[in-house]
Amino acid sequence: MAFVLPDLPYARDALAPYLSAETLEYHHGKHHNAYVANLNGLLEGADAELSTQEDLEGIILSAEGGVFNNAAQVWNHSFYWKCMKPGGGGRPGGELAKAIEASFGSYDDLAKELTQAAVTQFGSGWAWLVKDGDALKVTKTGNADLPLKHGQTALLTVDVWEHAYYIDYRNLRPKYVEAFLNNLVDWDFVAANLAAAE
Ligand code: MN3
């Protein structure tokens with residue numbers, strides 16, 4: 001066994017017009033797939049039997065350099081796909097809404113902070129909603145870096161590498177982030193991540 005590219009949780013064209021089938025074909029089929037293939041190639045031999053999410057997180061916590069970068073990108077992308085759904089967006093409810101209000105004041109304040117993080121991440125990286133101790137926080141990370149490496153629990157992420165949006169939005173990262181929040185976020189997935197982190 002080795003690490004396997006997970007299927008998308010929806011059809012390739014299911015997020016259109018906000019993210020096109022072409023974007024998902026390249027982002028999932030080429031970029032995410034390449035991180036999986038690179039990781040398996042780097043681990044070949046000693047660690048060839050590693051294949052589970054637990055194995056992946058163990059590698060992320062212990063590795064550096066190319067092994068870390070590819071393992072983290074496998075984790076980040078598998079998580080990112082689940083942060084979106086067709087007909088997503090809108091407002092979070094229930095316990096998640098209460099936690100957002102406690103940490104940010106309101107959903108609008110969270111949306112503003114997350115947008116700011118996503119738009120200002122210089123170069124490639126990710127913007128996150130995380131649970132850090134008892135509080136929710138917005139963070140941003142460069143390249144493959146991720147909350148797990150900083151003792152935080154990821155609740156939501158936006159991929160802001162250019163490959164995530166360039167086909168559909170060209171250089172307009174803010175338009176992509178706006179569509180992500182308004183039309184794509186799966187708040188049920190975020191709420192489940194928060195419940196699992198309690
Ligand atoms: Mn990506």
# chains A, B, ... in the order shown; residues from 1 in each chain; ligands from 1
call {"tool": "residues_near_ligand", "arguments": {"ligand": "ligand 1", "cutoff": "6 Å", "atoms": "only C-alpha atoms and all ligand atoms", "output": "list in words"}}
result
Asp159, Trp161 and Ala164 of chain A
call {"tool": "write_last_selection", "arguments": {"atoms": "all heavy atoms", "output": "CSV table (one decimal), in the first residue's frame"}}
result
chain,number,residue,atom,x,y,z
A,159,ASP,N,-7.4,27.5,-0.3
A,159,ASP,CA,-6.1,27.4,-1.0
A,159,ASP,C,-5.9,28.7,-1.8
A,159,ASP,O,-6.8,29.0,-2.6
A,159,ASP,CB,-6.2,26.2,-2.0
A,159,ASP,CG,-4.9,25.9,-2.7
A,159,ASP,OD1,-4.0,26.7,-2.7
A,159,ASP,OD2,-4.8,24.8,-3.2
A,161,TRP,N,-2.9,29.3,-3.5
A,161,TRP,CA,-1.9,29.1,-4.6
A,161,TRP,C,-2.6,29.5,-5.9
A,161,TRP,O,-3.8,29.3,-6.0
A,161,TRP,CB,-1.5,27.6,-4.7
A,161,TRP,CG,-0.6,27.1,-3.6
A,161,TRP,CD1,-0.8,27.1,-2.3
A,161,TRP,CD2,0.6,26.5,-3.8
A,161,TRP,NE1,0.3,26.5,-1.6
A,161,TRP,CE2,1.2,26.1,-2.6
A,161,TRP,CE3,1.4,26.2,-5.0
A,161,TRP,CZ2,2.4,25.5,-2.4
A,161,TRP,CZ3,2.6,25.5,-4.8
A,161,TRP,CH2,3.1,25.2,-3.6
A,164,ALA,N,-5.1,27.4,-7.7
A,164,ALA,CA,-6.5,27.2,-7.2
A,164,ALA,C,-7.5,28.0,-8.0
A,164,ALA,O,-8.7,27.7,-8.0
A,164,ALA,CB,-6.5,27.5,-5.7
call {"tool": "residues_around", "arguments": {"residues": "Lys140 (chain A)", "least_positions_apart": "5", "cutoff": "8 Å", "atoms": "only C-alpha atoms", "output": "ChimeraX atom specification"}}
result
/A:117-118,121,125-128
call {"tool": "write_last_selection", "arguments": {"atoms": "C-alpha atoms", "output": "PDB file, in the first residue's frame"}}
result
ATOM      1  CA  ALA A 117      -5.714  36.726   5.394  1.00  0.00           C
ATOM      2  CA  ALA A 118      -6.419  35.026   2.052  1.00  0.00           C
ATOM      3  CA  GLN A 121      -0.879  35.895   1.936  1.00  0.00           C
ATOM      4  CA  GLY A 125      -0.163  29.415   0.689  1.00  0.00           C
ATOM      5  CA  TRP A 126      -3.375  28.929   2.623  1.00  0.00           C
ATOM      6  CA  ALA A 127      -5.781  30.913   4.803  1.00  0.00           C
ATOM      7  CA  TRP A 128      -7.371  29.055   7.720  1.00  0.00           C
TER       8      TRP A 128
END
call {"tool": "select_by_dssp", "arguments": {"residues": "region 23-111 of chain A", "states": "alpha helix (DSSP H)", "output": "MDAnalysis selection string"}}
result
chainID A and resid 23:26 33:43 53:62 65:82 94:104 107:111
call {"tool": "select_by_dssp", "arguments": {"residues": "region 60-177 of chain A", "states": "strand (DSSP E or B)", "output": "short mmCIF file (atom, residue, chain, number, x, y, z; two decimals) with N, CA, C and O atoms, in the first residue's frame"}}
result
data_model
loop_
_atom_site.label_atom_id
_atom_site.label_comp_id
_atom_site.auth_asym_id
_atom_site.auth_seq_id
_atom_site.Cartn_x
_atom_site.Cartn_y
_atom_site.Cartn_z
N MET A 84 -15.67 22.55 0.68
CA MET A 84 -16.59 23.13 -0.31
C MET A 84 -17.66 22.11 -0.66
O MET A 84 -17.48 20.91 -0.51
N GLY A 125 0.12 29.80 -0.68
CA GLY A 125 -0.16 29.42 0.69
C GLY A 125 -1.64 29.17 0.92
O GLY A 125 -2.39 28.90 -0.02
N TRP A 126 -2.04 29.31 2.18
CA TRP A 126 -3.38 28.93 2.62
C TRP A 126 -3.86 29.90 3.68
O TRP A 126 -3.07 30.38 4.51
N ALA A 127 -5.16 30.19 3.69
CA ALA A 127 -5.78 30.91 4.80
C ALA A 127 -6.66 29.92 5.54
O ALA A 127 -7.27 29.03 4.92
N TRP A 128 -6.73 30.07 6.87
CA TRP A 128 -7.37 29.05 7.72
C TRP A 128 -8.29 29.67 8.77
O TRP A 128 -7.99 30.75 9.30
N LEU A 129 -9.31 28.93 9.14
CA LEU A 129 -10.00 29.11 10.42
C LEU A 129 -9.54 27.93 11.26
O LEU A 129 -9.65 26.77 10.82
N VAL A 130 -8.97 28.22 12.45
CA VAL A 130 -8.45 27.15 13.30
C VAL A 130 -9.03 27.27 14.70
O VAL A 130 -9.51 28.32 15.11
N LYS A 131 -8.94 26.16 15.43
CA LYS A 131 -9.19 26.18 16.87
C LYS A 131 -7.83 26.12 17.54
O LYS A 131 -7.03 25.22 17.28
N ASP A 132 -7.55 27.14 18.35
CA ASP A 132 -6.26 27.26 19.03
C ASP A 132 -6.56 27.41 20.51
O ASP A 132 -6.99 28.47 20.96
N ALA A 135 -10.05 29.14 21.73
CA ALA A 135 -10.53 30.19 20.82
C ALA A 135 -10.45 29.77 19.36
O ALA A 135 -9.64 28.91 18.99
N LEU A 136 -11.29 30.37 18.54
CA LEU A 136 -11.15 30.25 17.09
C LEU A 136 -10.29 31.41 16.62
O LEU A 136 -10.41 32.52 17.12
N LYS A 137 -9.42 31.13 15.65
CA LYS A 137 -8.55 32.17 15.10
C LYS A 137 -8.47 32.03 13.59
O LYS A 137 -8.65 30.94 13.06
N VAL A 138 -8.16 33.13 12.92
CA VAL A 138 -7.82 33.11 11.50
C VAL A 138 -6.31 33.16 11.39
O VAL A 138 -5.66 33.95 12.08
N THR A 139 -5.75 32.29 10.54
CA THR A 139 -4.31 32.30 10.31
C THR A 139 -4.05 32.19 8.81
O THR A 139 -4.96 31.89 8.04
N LYS A 140 -2.79 32.43 8.42
CA LYS A 140 -2.38 32.14 7.05
C LYS A 140 -1.02 31.47 7.11
O LYS A 140 -0.23 31.74 8.04
N THR A 141 -0.76 30.57 6.15
CA THR A 141 0.50 29.85 6.12
C THR A 141 1.07 29.91 4.71
O THR A 141 0.32 29.98 3.74
N GLY A 142 2.39 29.87 4.59
CA GLY A 142 3.05 29.90 3.29
C GLY A 142 3.29 28.50 2.75
O GLY A 142 3.48 27.55 3.51
N THR A 153 -5.92 23.12 15.48
CA THR A 153 -6.80 22.23 14.74
C THR A 153 -7.44 22.99 13.59
O THR A 153 -8.10 24.02 13.81
N ALA A 154 -7.25 22.50 12.38
CA ALA A 154 -7.84 23.15 11.20
C ALA A 154 -9.35 22.92 11.18
O ALA A 154 -9.82 21.81 11.39
N LEU A 155 -10.10 24.00 10.96
CA LEU A 155 -11.56 23.90 10.81
C LEU A 155 -11.99 24.18 9.38
O LEU A 155 -12.97 23.62 8.90
N LEU A 156 -11.25 25.06 8.68
CA LEU A 156 -11.62 25.49 7.32
C LEU A 156 -10.36 26.02 6.65
O LEU A 156 -9.53 26.65 7.31
N THR A 157 -10.22 25.77 5.35
CA THR A 157 -9.11 26.38 4.63
C THR A 157 -9.51 26.86 3.26
O THR A 157 -10.44 26.33 2.64
N VAL A 158 -8.80 27.88 2.79
CA VAL A 158 -8.88 28.37 1.41
C VAL A 158 -7.49 28.24 0.80
O VAL A 158 -6.54 28.80 1.34
N ASP A 159 -7.39 27.52 -0.29
CA ASP A 159 -6.13 27.40 -1.03
C ASP A 159 -5.94 28.69 -1.81
O ASP A 159 -6.79 29.05 -2.64
#
call {"tool": "residues_around", "arguments": {"residues": "Glu95 (chain A)", "least_positions_apart": "2", "cutoff": "9 Å", "atoms": "only C-alpha atoms", "output": "list in words"}}
result
Pro92, Gly93, Ala97, Lys98, Ala99, Ile100, Ala191, Leu194 and Ala195 of chain A
call {"tool": "residues_around", "arguments": {"residues": "Leu5 (chain A)", "least_positions_apart": "4", "cutoff": "9 Å", "atoms": "only C-alpha atoms", "output": "ChimeraX atom specification"}}
result
/A:28-29,32-33,35-37,74,78
call {"tool": "write_last_selection", "arguments": {"atoms": "N, CA, C and O atoms", "output": "PDB file, in the first residue's frame"}}
result
ATOM      1  N   HIS A  28      -7.146  18.939  -8.829  1.00  0.00           N
ATOM      2  CA  HIS A  28      -7.240  17.624  -8.200  1.00  0.00           C
ATOM      3  C   HIS A  28      -6.472  16.576  -9.019  1.00  0.00           C
ATOM      4  O   HIS A  28      -5.643  15.837  -8.484  1.00  0.00           O
ATOM      5  N   GLY A  29      -6.742  16.549 -10.314  1.00  0.00           N
ATOM      6  CA  GLY A  29      -6.194  15.480 -11.160  1.00  0.00           C
ATOM      7  C   GLY A  29      -4.703  15.601 -11.431  1.00  0.00           C
ATOM      8  O   GLY A  29      -4.041  14.581 -11.659  1.00  0.00           O
ATOM      9  N   HIS A  32      -2.884  17.895  -7.022  1.00  0.00           N
ATOM     10  CA  HIS A  32      -3.034  17.039  -5.836  1.00  0.00           C
ATOM     11  C   HIS A  32      -2.444  15.661  -6.124  1.00  0.00           C
ATOM     12  O   HIS A  32      -1.719  15.097  -5.288  1.00  0.00           O
ATOM     13  N   ASN A  33      -2.726  15.131  -7.305  1.00  0.00           N
ATOM     14  CA  ASN A  33      -2.197  13.818  -7.679  1.00  0.00           C
ATOM     15  C   ASN A  33      -0.668  13.800  -7.665  1.00  0.00           C
ATOM     16  O   ASN A  33      -0.054  12.810  -7.245  1.00  0.00           O
ATOM     17  N   TYR A  35       1.322  15.614  -5.770  1.00  0.00           N
ATOM     18  CA  TYR A  35       1.807  15.577  -4.380  1.00  0.00           C
ATOM     19  C   TYR A  35       1.761  14.143  -3.836  1.00  0.00           C
ATOM     20  O   TYR A  35       2.677  13.707  -3.134  1.00  0.00           O
ATOM     21  N   VAL A  36       0.695  13.401  -4.166  1.00  0.00           N
ATOM     22  CA  VAL A  36       0.582  12.009  -3.718  1.00  0.00           C
ATOM     23  C   VAL A  36       1.700  11.163  -4.346  1.00  0.00           C
ATOM     24  O   VAL A  36       2.389  10.411  -3.649  1.00  0.00           O
ATOM     25  N   ALA A  37       1.893  11.327  -5.651  1.00  0.00           N
ATOM     26  CA  ALA A  37       2.922  10.538  -6.353  1.00  0.00           C
ATOM     27  C   ALA A  37       4.317  10.895  -5.846  1.00  0.00           C
ATOM     28  O   ALA A  37       5.153  10.006  -5.626  1.00  0.00           O
ATOM     29  N   VAL A  74      -0.632  16.960   0.467  1.00  0.00           N
ATOM     30  CA  VAL A  74      -1.645  15.901   0.353  1.00  0.00           C
ATOM     31  C   VAL A  74      -2.735  16.156   1.395  1.00  0.00           C
ATOM     32  O   VAL A  74      -3.936  16.140   1.089  1.00  0.00           O
ATOM     33  N   SER A  78      -6.690  17.343   0.480  1.00  0.00           N
ATOM     34  CA  SER A  78      -7.777  16.433   0.867  1.00  0.00           C
ATOM     35  C   SER A  78      -8.776  17.161   1.764  1.00  0.00           C
ATOM     36  O   SER A  78      -9.985  16.950   1.677  1.00  0.00           O
TER      37      SER A  78
END
call {"tool": "residues_around", "arguments": {"residues": "Ala14 (chain A)", "least_positions_apart": "5", "cutoff": "8 Å", "atoms": "only C-alpha atoms", "output": "PDB file with N, CA, C and O atoms, in the first residue's frame"}}
result
ATOM      1  N   ALA A  21     -14.953  22.948 -14.058  1.00  0.00           N
ATOM      2  CA  ALA A  21     -14.482  21.567 -14.181  1.00  0.00           C
ATOM      3  C   ALA A  21     -13.011  21.545 -14.578  1.00  0.00           C
ATOM      4  O   ALA A  21     -12.252  20.690 -14.124  1.00  0.00           O
ATOM      5  N   LYS A  85     -18.806  22.635  -1.142  1.00  0.00           N
ATOM      6  CA  LYS A  85     -19.860  21.766  -1.671  1.00  0.00           C
ATOM      7  C   LYS A  85     -20.692  22.580  -2.657  1.00  0.00           C
ATOM      8  O   LYS A  85     -20.735  23.824  -2.567  1.00  0.00           O
ATOM      9  N   PRO A  86     -21.358  21.900  -3.586  1.00  0.00           N
ATOM     10  CA  PRO A  86     -22.278  22.622  -4.474  1.00  0.00           C
ATOM     11  C   PRO A  86     -23.377  23.261  -3.635  1.00  0.00           C
ATOM     12  O   PRO A  86     -23.898  22.624  -2.712  1.00  0.00           O
TER      13      PRO A  86
END
call {"tool": "residues_around", "arguments": {"residues": "region 63-72 of chain A", "least_positions_apart": "4", "cutoff": "7 Å", "atoms": "only C-alpha atoms", "output": "PyMOL selection string"}}
result
chain A and resi 35+38-39+42+56+59+76+144-145
call {"tool": "write_last_selection", "arguments": {"atoms": "N, CA and C atoms", "output": "PDB file, in the first residue's frame"}}
result
ATOM      1  N   TYR A  35       1.322  15.614  -5.770  1.00  0.00           N
ATOM      2  CA  TYR A  35       1.807  15.577  -4.380  1.00  0.00           C
ATOM      3  C   TYR A  35       1.761  14.143  -3.836  1.00  0.00           C
ATOM      4  N   ASN A  38       4.562  12.201  -5.632  1.00  0.00           N
ATOM      5  CA  ASN A  38       5.879  12.628  -5.135  1.00  0.00           C
ATOM      6  C   ASN A  38       6.141  12.064  -3.747  1.00  0.00           C
ATOM      7  N   LEU A  39       5.116  12.114  -2.882  1.00  0.00           N
ATOM      8  CA  LEU A  39       5.284  11.601  -1.522  1.00  0.00           C
ATOM      9  C   LEU A  39       5.600  10.108  -1.556  1.00  0.00           C
ATOM     10  N   LEU A  42       9.142   9.595  -2.652  1.00  0.00           N
ATOM     11  CA  LEU A  42      10.135   9.942  -1.636  1.00  0.00           C
ATOM     12  C   LEU A  42      10.183   8.914  -0.512  1.00  0.00           C
ATOM     13  N   LEU A  56      -0.121   9.759   7.603  1.00  0.00           N
ATOM     14  CA  LEU A  56       0.176  11.038   6.943  1.00  0.00           C
ATOM     15  C   LEU A  56       0.475  12.117   7.985  1.00  0.00           C
ATOM     16  N   ILE A  59       3.892  11.688   9.550  1.00  0.00           N
ATOM     17  CA  ILE A  59       4.949  12.178   8.659  1.00  0.00           C
ATOM     18  C   ILE A  59       5.031  13.700   8.732  1.00  0.00           C
ATOM     19  N   ASN A  76      -3.448  19.020   3.012  1.00  0.00           N
ATOM     20  CA  ASN A  76      -4.135  20.291   2.784  1.00  0.00           C
ATOM     21  C   ASN A  76      -5.197  20.159   1.690  1.00  0.00           C
ATOM     22  N   ALA A 144       3.363  24.944   1.900  1.00  0.00           N
ATOM     23  CA  ALA A 144       2.635  23.751   2.359  1.00  0.00           C
ATOM     24  C   ALA A 144       2.303  23.800   3.843  1.00  0.00           C
ATOM     25  N   ASP A 145       2.801  24.807   4.549  1.00  0.00           N
ATOM     26  CA  ASP A 145       2.653  24.852   6.012  1.00  0.00           C
ATOM     27  C   ASP A 145       1.170  24.800   6.418  1.00  0.00           C
TER      28      ASP A 145
END
call {"tool": "closest_residue", "arguments": {"among": "A:Thr120, A:Glu22, A:Tyr107, A:His163", "to": "Trp187 (chain A)", "atoms": "only C-alpha atoms"}}
result
A:Tyr107
call {"tool": "atom_distance", "arguments": {"atom1": "CA of Leu148 (chain A)", "atom2": "CA of Ser62 (chain A)"}}
result
11.3 Å
call {"tool": "atom_distance", "arguments": {"atom1": "CA of Gly88 (chain A)", "atom2": "CA of Asn182 (chain A)"}}
result
7.4 Å
call {"tool": "closest_residue", "arguments": {"among": "A:Ala197, A:Val119, A:Ala2, A:Ala111", "to": "Val160 (chain A)", "atoms": "only C-alpha atoms"}}
result
A:Val119
call {"tool": "atom_distance", "arguments": {"atom1": "CA of Glu57 (chain A)", "atom2": "CA of Asn143 (chain A)"}}
result
17.2 Å
call {"tool": "decode", "arguments": {"residues": "region 8-135 of chain A", "atoms": "C-alpha atoms", "output": "mmCIF file, in the first residue's frame"}}
result
data_model
loop_
_atom_site.group_PDB
_atom_site.id
_atom_site.type_symbol
_atom_site.label_atom_id
_atom_site.label_comp_id
_atom_site.auth_asym_id
_atom_site.auth_seq_id
_atom_site.Cartn_x
_atom_site.Cartn_y
_atom_site.Cartn_z
ATOM 1 C CA LEU A 8 -13.408 14.468 -4.989
ATOM 2 C CA PRO A 9 -16.515 14.503 -2.749
ATOM 3 C CA TYR A 10 -18.566 15.792 -5.755
ATOM 4 C CA ALA A 11 -18.430 15.723 -9.555
ATOM 5 C CA ARG A 12 -15.704 17.784 -11.249
ATOM 6 C CA ASP A 13 -18.280 20.188 -12.656
ATOM 7 C CA ALA A 14 -20.343 20.442 -9.453
ATOM 8 C CA LEU A 15 -18.779 23.699 -8.216
ATOM 9 C CA ALA A 16 -19.318 25.591 -11.485
ATOM 10 C CA PRO A 17 -19.605 28.435 -12.220
ATOM 11 C CA TYR A 18 -17.578 29.373 -9.110
ATOM 12 C CA LEU A 19 -14.839 26.821 -9.824
ATOM 13 C CA SER A 20 -14.863 25.238 -13.266
ATOM 14 C CA ALA A 21 -14.482 21.567 -14.181
ATOM 15 C CA GLU A 22 -11.183 22.559 -15.820
ATOM 16 C CA THR A 23 -9.876 23.987 -12.548
ATOM 17 C CA LEU A 24 -10.825 20.827 -10.652
ATOM 18 C CA GLU A 25 -9.401 18.631 -13.409
ATOM 19 C CA TYR A 26 -6.009 20.327 -13.042
ATOM 20 C CA HIS A 27 -6.087 21.079 -9.315
ATOM 21 C CA HIS A 28 -7.240 17.624 -8.200
ATOM 22 C CA GLY A 29 -6.194 15.480 -11.160
ATOM 23 C CA LYS A 30 -2.745 17.029 -11.719
ATOM 24 C CA HIS A 31 -1.580 19.083 -8.705
ATOM 25 C CA HIS A 32 -3.034 17.039 -5.836
ATOM 26 C CA ASN A 33 -2.197 13.818 -7.679
ATOM 27 C CA ALA A 34 1.409 14.953 -8.131
ATOM 28 C CA TYR A 35 1.807 15.577 -4.380
ATOM 29 C CA VAL A 36 0.582 12.009 -3.718
ATOM 30 C CA ALA A 37 2.922 10.538 -6.353
ATOM 31 C CA ASN A 38 5.879 12.628 -5.135
ATOM 32 C CA LEU A 39 5.284 11.601 -1.522
ATOM 33 C CA ASN A 40 5.081 7.906 -2.422
ATOM 34 C CA GLY A 41 8.249 8.275 -4.509
ATOM 35 C CA LEU A 42 10.135 9.942 -1.636
ATOM 36 C CA LEU A 43 8.979 7.291 0.858
ATOM 37 C CA GLU A 44 9.683 4.314 -1.390
ATOM 38 C CA GLY A 45 11.514 1.573 0.464
ATOM 39 C CA ALA A 46 11.539 2.097 4.208
ATOM 40 C CA ASP A 47 8.055 3.580 4.540
ATOM 41 C CA ALA A 48 6.316 2.053 1.529
ATOM 42 C CA GLU A 49 3.491 0.552 3.609
ATOM 43 C CA LEU A 50 2.310 3.935 4.974
ATOM 44 C CA SER A 51 -1.161 4.778 3.661
ATOM 45 C CA THR A 52 -3.565 6.066 6.335
ATOM 46 C CA GLN A 53 -4.511 9.575 7.508
ATOM 47 C CA GLU A 54 -2.792 8.755 10.825
ATOM 48 C CA ASP A 55 0.387 7.796 8.939
ATOM 49 C CA LEU A 56 0.176 11.038 6.943
ATOM 50 C CA GLU A 57 -0.132 13.173 10.081
ATOM 51 C CA GLY A 58 2.797 11.343 11.689
ATOM 52 C CA ILE A 59 4.949 12.178 8.659
ATOM 53 C CA ILE A 60 3.822 15.830 8.732
ATOM 54 C CA LEU A 61 4.768 16.148 12.415
ATOM 55 C CA SER A 62 8.191 14.530 12.041
ATOM 56 C CA ALA A 63 9.406 15.326 8.521
ATOM 57 C CA GLU A 64 11.045 18.360 6.937
ATOM 58 C CA GLY A 65 12.008 19.354 3.391
ATOM 59 C CA GLY A 66 10.466 17.575 0.413
ATOM 60 C CA VAL A 67 8.779 14.831 2.428
ATOM 61 C CA PHE A 68 7.079 17.422 4.663
ATOM 62 C CA ASN A 69 6.081 19.619 1.710
ATOM 63 C CA ASN A 70 4.439 16.798 -0.236
ATOM 64 C CA ALA A 71 2.816 15.150 2.799
ATOM 65 C CA ALA A 72 1.407 18.486 3.971
ATOM 66 C CA GLN A 73 0.101 19.301 0.497
ATOM 67 C CA VAL A 74 -1.645 15.901 0.353
ATOM 68 C CA TRP A 75 -3.297 16.685 3.720
ATOM 69 C CA ASN A 76 -4.135 20.291 2.784
ATOM 70 C CA HIS A 77 -5.811 19.399 -0.522
ATOM 71 C CA SER A 78 -7.777 16.433 0.867
ATOM 72 C CA PHE A 79 -9.084 18.838 3.536
ATOM 73 C CA TYR A 80 -9.716 21.717 1.110
ATOM 74 C CA TRP A 81 -12.024 19.679 -1.168
ATOM 75 C CA LYS A 82 -14.204 18.836 1.828
ATOM 76 C CA CYS A 83 -14.442 22.521 2.801
ATOM 77 C CA MET A 84 -16.589 23.126 -0.306
ATOM 78 C CA LYS A 85 -19.860 21.766 -1.671
ATOM 79 C CA PRO A 86 -22.278 22.622 -4.474
ATOM 80 C CA GLY A 87 -24.736 25.183 -3.121
ATOM 81 C CA GLY A 88 -22.416 26.075 -0.243
ATOM 82 C CA GLY A 89 -21.813 29.443 1.359
ATOM 83 C CA GLY A 90 -24.401 31.264 3.395
ATOM 84 C CA ARG A 91 -24.113 31.503 7.156
ATOM 85 C CA PRO A 92 -22.957 28.952 9.721
ATOM 86 C CA GLY A 93 -25.460 28.000 12.437
ATOM 87 C CA GLY A 94 -25.682 26.238 15.798
ATOM 88 C CA GLU A 95 -22.630 25.783 18.016
ATOM 89 C CA LEU A 96 -20.309 26.932 15.231
ATOM 90 C CA ALA A 97 -22.127 30.260 14.947
ATOM 91 C CA LYS A 98 -21.875 30.718 18.734
ATOM 92 C CA ALA A 99 -18.151 29.946 18.697
ATOM 93 C CA ILE A 100 -17.606 32.411 15.837
ATOM 94 C CA GLU A 101 -19.493 35.125 17.708
ATOM 95 C CA ALA A 102 -17.490 34.445 20.887
ATOM 96 C CA SER A 103 -14.134 34.720 19.098
ATOM 97 C CA PHE A 104 -14.777 37.276 16.346
ATOM 98 C CA GLY A 105 -17.894 39.203 17.383
ATOM 99 C CA SER A 106 -19.919 38.228 14.326
ATOM 100 C CA TYR A 107 -19.829 36.150 11.144
ATOM 101 C CA ASP A 108 -19.152 39.343 9.179
ATOM 102 C CA ASP A 109 -16.063 40.017 11.287
ATOM 103 C CA LEU A 110 -14.820 36.463 10.657
ATOM 104 C CA ALA A 111 -15.491 36.799 6.905
ATOM 105 C CA LYS A 112 -13.591 40.091 6.817
ATOM 106 C CA GLU A 113 -10.601 38.651 8.704
ATOM 107 C CA LEU A 114 -10.490 35.444 6.637
ATOM 108 C CA THR A 115 -10.726 37.415 3.387
ATOM 109 C CA GLN A 116 -7.931 39.719 4.536
ATOM 110 C CA ALA A 117 -5.714 36.726 5.394
ATOM 111 C CA ALA A 118 -6.419 35.026 2.052
ATOM 112 C CA VAL A 119 -5.857 38.146 -0.019
ATOM 113 C CA THR A 120 -2.680 39.266 1.777
ATOM 114 C CA GLN A 121 -0.879 35.895 1.936
ATOM 115 C CA PHE A 122 2.166 36.828 -0.157
ATOM 116 C CA GLY A 123 2.753 34.204 -2.850
ATOM 117 C CA SER A 124 1.561 30.635 -2.435
ATOM 118 C CA GLY A 125 -0.163 29.415 0.689
ATOM 119 C CA TRP A 126 -3.375 28.929 2.623
ATOM 120 C CA ALA A 127 -5.781 30.913 4.803
ATOM 121 C CA TRP A 128 -7.371 29.055 7.720
ATOM 122 C CA LEU A 129 -9.996 29.110 10.418
ATOM 123 C CA VAL A 130 -8.448 27.155 13.300
ATOM 124 C CA LYS A 131 -9.188 26.177 16.870
ATOM 125 C CA ASP A 132 -6.263 27.259 19.031
ATOM 126 C CA GLY A 133 -6.807 26.366 22.682
ATOM 127 C CA ASP A 134 -10.336 27.501 23.508
ATOM 128 C CA ALA A 135 -10.530 30.192 20.822
#
